[in-house]
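*Asks:* The structure file model.txt (compact mmCIF, C-alpha atoms) is provided below.
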```
# COMPACT_ATOMS: atom_id res chain seq x y z
CA MET T 430 -108.32 -68.12 -19.37
CA THR T 431 -104.75 -68.16 -18.03
CA LEU T 432 -105.62 -65.58 -15.36
CA LEU T 433 -108.53 -67.75 -14.22
CA ALA T 434 -106.22 -70.79 -14.12
CA ILE T 435 -103.72 -68.90 -11.95
CA THR T 436 -106.52 -67.80 -9.63
CA LEU T 437 -107.76 -71.39 -9.29
CA ALA T 438 -104.22 -72.68 -8.65
CA VAL T 439 -103.73 -70.11 -5.88
CA LEU T 440 -107.11 -71.11 -4.40
CA GLY T 441 -105.99 -74.74 -4.50
CA ALA T 442 -102.78 -73.91 -2.63
CA VAL T 443 -104.79 -72.05 0.02
CA CYS T 444 -107.09 -75.08 0.41
CA PHE T 445 -104.09 -77.42 0.81
CA ALA T 446 -102.54 -75.15 3.45
CA PHE T 447 -105.70 -74.89 5.56
CA ALA T 448 -106.37 -78.62 5.13
CA ALA T 449 -102.91 -79.41 6.50
CA ARG T 450 -103.46 -77.11 9.47
CA LEU T 451 -106.85 -78.60 10.33
CA GLN T 452 -105.81 -82.24 9.93
CA HIS T 453 -102.58 -81.70 11.87
CA ASP T 454 -104.54 -80.25 14.81
CA ALA T 455 -106.96 -83.18 14.74
CA VAL T 456 -104.15 -85.75 14.63
CA ALA T 457 -102.23 -83.94 17.38
CA GLU T 458 -105.30 -84.20 19.62
CA THR T 459 -106.45 -87.71 18.75
CA GLY T 460 -103.35 -89.37 17.34
CA ALA T 461 -102.99 -91.07 13.97
CA ARG T 462 -105.73 -93.59 14.81
CA ALA T 463 -109.08 -94.49 13.30
CA GLY T 464 -110.81 -92.19 15.79
CA VAL T 465 -109.39 -89.14 14.03
CA LEU T 466 -111.72 -89.88 11.10
CA ARG T 467 -114.62 -88.71 13.26
CA GLN T 468 -113.00 -85.41 14.20
CA PRO T 469 -114.85 -82.44 12.62
CA ARG T 470 -111.56 -80.63 11.99
CA TRP T 471 -110.08 -83.66 10.22
CA LEU T 472 -113.20 -84.04 8.07
CA ALA T 473 -113.14 -80.32 7.25
CA GLY T 474 -109.52 -80.73 6.19
CA LEU T 475 -110.51 -83.67 3.98
CA VAL T 476 -113.16 -81.51 2.29
CA LEU T 477 -110.58 -78.80 1.66
CA LEU T 478 -108.18 -81.38 0.21
CA VAL T 479 -110.83 -82.56 -2.24
CA VAL T 480 -111.74 -78.99 -3.20
CA GLY T 481 -108.07 -78.06 -3.58
CA ALA T 482 -107.38 -81.06 -5.81
CA GLY T 483 -110.46 -80.28 -7.90
CA VAL T 484 -109.65 -76.64 -8.56
CA HIS T 485 -105.98 -77.47 -9.22
CA ALA T 486 -107.04 -80.08 -11.79
CA ALA T 487 -109.36 -77.52 -13.39
CA ALA T 488 -106.48 -75.03 -13.55
CA LEU T 489 -104.29 -77.58 -15.31
CA GLY T 490 -106.98 -77.91 -17.96
CA MET T 491 -106.99 -74.17 -18.65
CA ALA T 492 -103.28 -73.31 -18.76
CA PRO T 493 -99.92 -74.98 -19.41
CA LEU T 494 -98.31 -77.09 -16.70
CA THR T 495 -95.39 -74.64 -16.54
CA VAL T 496 -97.80 -71.91 -15.41
CA VAL T 497 -100.00 -73.85 -12.99
CA GLN T 498 -97.82 -76.46 -11.29
CA PRO T 499 -95.27 -74.13 -9.60
CA ILE T 500 -98.10 -72.22 -7.91
CA GLY T 501 -98.75 -75.26 -5.72
CA VAL T 502 -95.56 -74.59 -3.74
CA LEU T 503 -97.32 -71.56 -2.21
CA ALA T 504 -98.90 -74.09 0.16
CA ILE T 505 -95.54 -74.44 1.97
CA GLY T 506 -95.31 -70.77 2.84
CA LEU T 507 -99.00 -70.44 3.65
CA THR T 508 -98.87 -73.43 6.01
CA ALA T 509 -95.80 -72.02 7.74
CA LEU T 510 -97.52 -68.66 8.22
CA LEU T 511 -100.56 -70.39 9.69
CA ASP T 512 -98.16 -72.20 12.02
CA ARG T 513 -96.39 -68.88 12.84
CA ARG T 514 -92.97 -70.23 11.83
CA PHE T 515 -91.48 -66.86 10.80
CA ARG T 516 -87.90 -67.88 11.70
CA GLU T 517 -88.04 -70.58 9.04
CA ILE T 518 -88.84 -68.25 6.13
CA PRO T 519 -85.33 -68.64 4.54
CA ALA T 520 -85.67 -72.45 4.51
CA ILE T 521 -89.21 -72.15 3.18
CA LEU T 522 -88.05 -69.86 0.38
CA LEU T 523 -85.22 -72.26 -0.49
CA THR T 524 -87.66 -75.17 -0.73
CA THR T 525 -90.25 -73.15 -2.66
CA VAL T 526 -87.79 -71.78 -5.21
CA GLY T 527 -86.09 -75.16 -5.61
CA VAL T 528 -89.35 -77.00 -6.33
CA GLY T 529 -90.71 -74.24 -8.56
CA ALA T 530 -87.55 -74.13 -10.68
CA PHE T 531 -87.46 -77.93 -10.85
CA VAL T 532 -91.02 -78.16 -12.16
CA LEU T 533 -90.46 -75.35 -14.68
CA LEU T 534 -87.29 -76.92 -16.05
CA ALA T 535 -88.72 -80.44 -16.16
CA SER T 536 -92.01 -79.48 -17.81
CA SER T 537 -90.34 -77.26 -20.42
CA SER T 538 -87.90 -79.97 -21.55
CA ALA T 539 -90.05 -83.12 -21.28
CA THR T 540 -91.36 -85.06 -24.27
CA ALA T 541 -94.83 -86.56 -24.10
CA THR T 542 -94.85 -90.38 -24.33
CA GLN T 543 -97.38 -93.19 -24.09
CA VAL T 544 -97.66 -95.00 -20.75
CA ALA T 545 -97.26 -98.69 -21.57
CA PRO T 546 -98.69 -101.32 -19.17
CA ASP T 547 -95.25 -102.82 -18.51
CA ALA T 548 -93.81 -99.39 -17.66
CA GLU T 549 -96.78 -98.79 -15.35
CA PHE T 550 -96.10 -102.08 -13.58
CA THR T 551 -92.38 -101.35 -13.26
CA ALA T 552 -93.18 -97.92 -11.84
CA GLY T 553 -95.35 -99.63 -9.22
CA ILE T 554 -92.50 -101.92 -8.14
CA VAL T 555 -90.10 -98.97 -7.95
CA THR T 556 -92.68 -97.02 -5.94
CA LEU T 557 -93.08 -99.83 -3.42
CA GLY T 558 -89.33 -99.87 -2.85
CA ALA T 559 -89.18 -96.09 -2.57
CA ILE T 560 -91.97 -96.14 0.03
CA ALA T 561 -90.28 -98.92 1.99
CA ILE T 562 -87.00 -97.04 2.49
CA PRO T 563 -88.41 -94.04 4.43
CA GLY T 564 -90.91 -96.42 6.04
CA VAL T 565 -88.08 -98.42 7.59
CA ILE T 566 -86.40 -95.20 8.74
CA ALA T 567 -89.64 -94.08 10.40
CA ALA T 568 -89.96 -97.43 12.15
CA LEU T 569 -86.39 -97.41 13.48
CA THR T 570 -85.92 -93.80 14.57
CA THR T 571 -86.99 -92.37 17.92
CA ASN T 572 -86.73 -88.75 16.71
CA ALA T 573 -90.21 -87.36 16.10
CA ARG T 574 -89.03 -84.86 13.47
CA ILE T 575 -87.12 -87.49 11.47
CA ARG T 576 -90.12 -89.79 11.70
CA ALA T 577 -92.36 -87.00 10.39
CA VAL T 578 -90.03 -86.35 7.44
CA ALA T 579 -89.82 -90.08 6.66
CA PHE T 580 -93.59 -90.60 6.77
CA ALA T 581 -94.27 -87.48 4.69
CA SER T 582 -91.61 -88.49 2.14
CA ALA T 583 -93.16 -91.94 1.79
CA GLY T 584 -96.55 -90.28 1.29
CA GLY T 585 -95.04 -88.05 -1.39
CA VAL T 586 -93.75 -91.13 -3.21
CA ALA T 587 -97.25 -92.63 -3.21
CA TYR T 588 -98.76 -89.38 -4.53
CA GLY T 589 -96.05 -89.16 -7.20
CA TYR T 590 -97.02 -92.60 -8.49
CA VAL T 591 -100.62 -91.40 -8.74
CA SER T 592 -99.49 -88.97 -11.46
CA VAL T 593 -98.24 -91.87 -13.60
CA LEU T 594 -101.50 -93.82 -13.16
CA MET T 595 -103.66 -90.76 -13.83
CA ARG T 596 -101.69 -90.07 -17.01
CA ALA T 597 -102.27 -93.65 -18.18
CA VAL T 598 -106.02 -93.44 -17.49
CA SER T 599 -106.27 -90.02 -19.14
CA GLN T 600 -104.54 -91.27 -22.28
CA SER T 601 -106.92 -94.23 -22.48
CA VAL T 602 -110.01 -92.03 -22.13
CA GLN T 603 -108.75 -89.63 -24.79
CA GLN T 604 -108.10 -92.51 -27.18
CA GLY T 605 -111.52 -94.03 -26.55
CA GLY T 606 -110.27 -97.28 -25.05
CA PHE T 607 -110.75 -98.47 -21.47
CA GLY T 608 -110.09 -102.11 -20.57
CA LEU T 609 -109.36 -104.27 -17.54
CA SER T 610 -105.79 -102.95 -17.26
CA HIS T 611 -107.13 -99.42 -16.91
CA ILE T 612 -109.58 -100.52 -14.22
CA ALA T 613 -106.52 -101.81 -12.39
CA SER T 614 -104.96 -98.36 -12.84
CA VAL T 615 -108.02 -96.71 -11.27
CA LEU T 616 -107.84 -99.11 -8.33
CA GLY T 617 -104.12 -98.34 -8.07
CA ILE T 618 -104.92 -94.63 -7.87
CA ALA T 619 -107.40 -95.22 -5.04
CA LEU T 620 -104.94 -97.46 -3.17
CA SER T 621 -102.02 -95.04 -3.62
CA LEU T 622 -104.11 -92.12 -2.37
CA ALA T 623 -105.25 -94.13 0.65
CA VAL T 624 -101.69 -95.24 1.50
CA GLY T 625 -100.34 -91.74 0.96
CA GLY T 626 -103.04 -90.22 3.15
CA TRP T 627 -102.35 -92.74 5.93
CA LEU T 628 -98.63 -91.93 5.84
CA VAL T 629 -99.27 -88.18 5.91
CA GLN T 630 -101.48 -88.51 8.99
CA HIS T 631 -98.56 -90.16 10.80
CA ALA T 632 -96.32 -87.32 9.60
CA TYR T 633 -98.71 -84.83 11.21
CA ALA T 634 -98.36 -86.72 14.50
CA GLY T 635 -94.60 -86.12 14.61
CA GLY T 636 -94.05 -82.60 13.31
CA PRO T 637 -95.66 -79.28 12.32
CA PRO T 638 -97.98 -79.23 9.29
CA HIS T 639 -95.69 -77.08 7.13
CA LEU T 640 -92.94 -79.71 7.44
CA ALA T 641 -95.23 -82.42 6.06
CA VAL T 642 -96.45 -80.10 3.30
CA ALA T 643 -92.86 -79.23 2.36
CA CYS T 644 -91.88 -82.90 2.13
CA LEU T 645 -94.91 -83.72 0.01
CA THR T 646 -94.35 -80.74 -2.28
CA VAL T 647 -90.72 -81.75 -2.82
CA VAL T 648 -91.03 -85.54 -3.12
CA ASP T 649 -94.23 -85.69 -5.17
CA PRO T 650 -92.90 -83.85 -8.28
CA LEU T 651 -89.43 -85.42 -7.94
CA VAL T 652 -90.94 -88.91 -8.04
CA ALA T 653 -93.38 -88.06 -10.84
CA VAL T 654 -90.67 -86.48 -12.98
CA GLY T 655 -88.19 -89.26 -12.16
CA LEU T 656 -90.64 -91.98 -13.20
CA GLY T 657 -91.52 -90.05 -16.34
CA ALA T 658 -87.89 -89.45 -17.25
CA PHE T 659 -86.40 -92.89 -16.61
CA LEU T 660 -89.35 -95.25 -17.16
CA LEU T 661 -91.55 -93.44 -19.69
CA GLY T 662 -88.73 -91.92 -21.75
CA GLU T 663 -89.89 -88.33 -21.30
CA ALA T 664 -86.30 -87.12 -20.84
CA ALA T 665 -85.07 -88.41 -24.20
CA HIS T 666 -84.22 -84.88 -25.36
CA LEU T 667 -82.97 -83.59 -22.01
CA SER T 668 -79.66 -81.75 -22.32
CA PRO T 669 -76.81 -82.39 -19.84
CA TRP T 670 -77.01 -78.78 -18.63
CA THR T 671 -80.74 -79.05 -17.94
CA GLY T 672 -80.18 -82.36 -16.16
CA ALA T 673 -77.52 -80.77 -13.96
CA ALA T 674 -79.84 -77.85 -13.21
CA LEU T 675 -82.63 -80.26 -12.23
CA ILE T 676 -80.30 -82.05 -9.82
CA ALA T 677 -79.24 -78.72 -8.31
CA CYS T 678 -82.88 -77.65 -7.84
CA ALA T 679 -83.74 -80.99 -6.24
CA LEU T 680 -80.80 -80.70 -3.82
CA ALA T 681 -81.80 -77.12 -2.93
CA ALA T 682 -85.38 -78.17 -2.21
CA ALA T 683 -84.23 -81.14 -0.13
CA GLY T 684 -81.83 -78.87 1.78
CA GLY T 685 -84.72 -76.57 2.63
CA VAL T 686 -86.75 -79.50 3.97
CA PHE T 687 -83.87 -80.72 6.15
CA ALA T 688 -83.43 -77.17 7.47
CA LEU T 689 -87.12 -77.11 8.39
CA ALA T 690 -86.79 -80.45 10.14
CA ARG T 691 -83.93 -79.19 12.31
CA HIS T 692 -85.91 -76.27 13.77
CA PRO T 693 -87.37 -77.08 17.18
CA ARG T 694 -91.02 -76.67 18.01
CA PRO T 695 -91.93 -73.28 19.47
CA THR T 696 -92.52 -73.41 23.19
```
What is this structure when it is put down as structure tokens?
*Replies:*
Amino acid sequence: MTLLAITLAVLGAVCFAFAARLQHDAVAETGARAGVLRQPRWLAGLVLLVVGAGVHAAALGMAPLTVVQPIGVLAIGLTALLDRRFREIPAILLTTVGVGAFVLLASSSATATQVAPDAEFTAGIVTLGAIAIPGVIAALTTNARIRAVAFASAGGVAYGYVSVLMRAVSQSVQQGGFGLSHIASVLGIALSLAVGGWLVQHAYAGGPPHLAVACLTVVDPLVAVGLGAFLLGEAAHLSPWTGAALIACALAAAGGVFALARHPRPT
């Protein structure tokens, strides 16, 4: 079963990489406007995103998070290879290893907790603020690469919040209870995915696809783990050494993203 889960997780990463390539090309041709929704390449990328998310979710149901989740960072390297960014392999490796180690450490030391409605609401307020900060940066800067990083980071924040909402809904389904508050959670998931997708399309308009994928792959788990640790109490038994290691991994991953952002486009 674990081998099948690994295979599905790798397939999901491949789908995410090709989806980023296709949607980036469509946005680069049309721009991040409503017209891009009619582009066959953009729609094909959307199909691959849905398939990738589905097989990744199936993999998580077959094997532990510590086995499946780090495999998703393969999408960074695959997207860079599709974009022929061979000079950026060291930065890609730094980002990949940093995120993979972060997820492994966080998932091995976390304590499962119940998602209370008030914590869910607080997480939403924090998420709005975290989206606004890179959003303001994107609005003020004239540098296309910085704008791409800011938009992709904001999209990663939105996707990270989805993990909290999905956990709340999953807990409710498992416990046999589903009320109005959980319907609000489902609507929040749909809204967060729509906002995140809109932000990512603008990221594609300003930089190469692997840069957007790297930002998403870094910010998404950082936000999800941060919300779980500080708002849901999942880090109650986290040791100081593990906390320091998590910070170091996060800084390494962020350093890799900034290194990717500094590389110019190939001529």
*Asks:* Show which residues sit within 10 Å of T:Arg450, as a list in words. Count only C-alpha atoms, and ignore same-chain residues fewer than 3 positions away.
*Replies:*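 Non-adjacent residues within range: Cys444, Phe445, Ala446, Phe447, His453, Asp454, Ala455, Arg470, Trp471, Gly474, Leu507, Thr508, Ala509, Leu511, Asp512, Tyr633, Pro637, Pro638, His639 and Val642 of chain T.
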*Asks:* Using only C-alpha atoms for the distances, tell me which of T:Leu594, T:Val443, T:Ala634, T:Val526 is nearest to T:Leu620.
*Replies:*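 Once distances to T:Leu620 are computed over only C-alpha atoms, the minimum belongs to T:Leu594.
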*Asks:* For a test of reading the model, state the distance in Å between atom CA of T:Ile560 and atom CA of T:Val484, rounded to one decimal.
*Replies:*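 One can read the atom CA of T:Ile560 to atom CA of T:Val484 distance as 27.7 Å.
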*Asks:* I'd like to know which of T:Ala597, T:Ala673, T:Val686, T:Ala623 is closest to T:Ser582, using all atoms listed in the file.
*Replies:* T:Val686
*Asks:* Between atom CA of T:Ala583 and atom CA of T:Val654, what is the distance, to one decimal in Å?
*Replies:*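 A separation of 15.9 Å between them.
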*Asks:* Between atom CA of T:Gly625 and atom CA of T:Ala677, what is the spacing in Å?
*Replies:* 26.5 Å
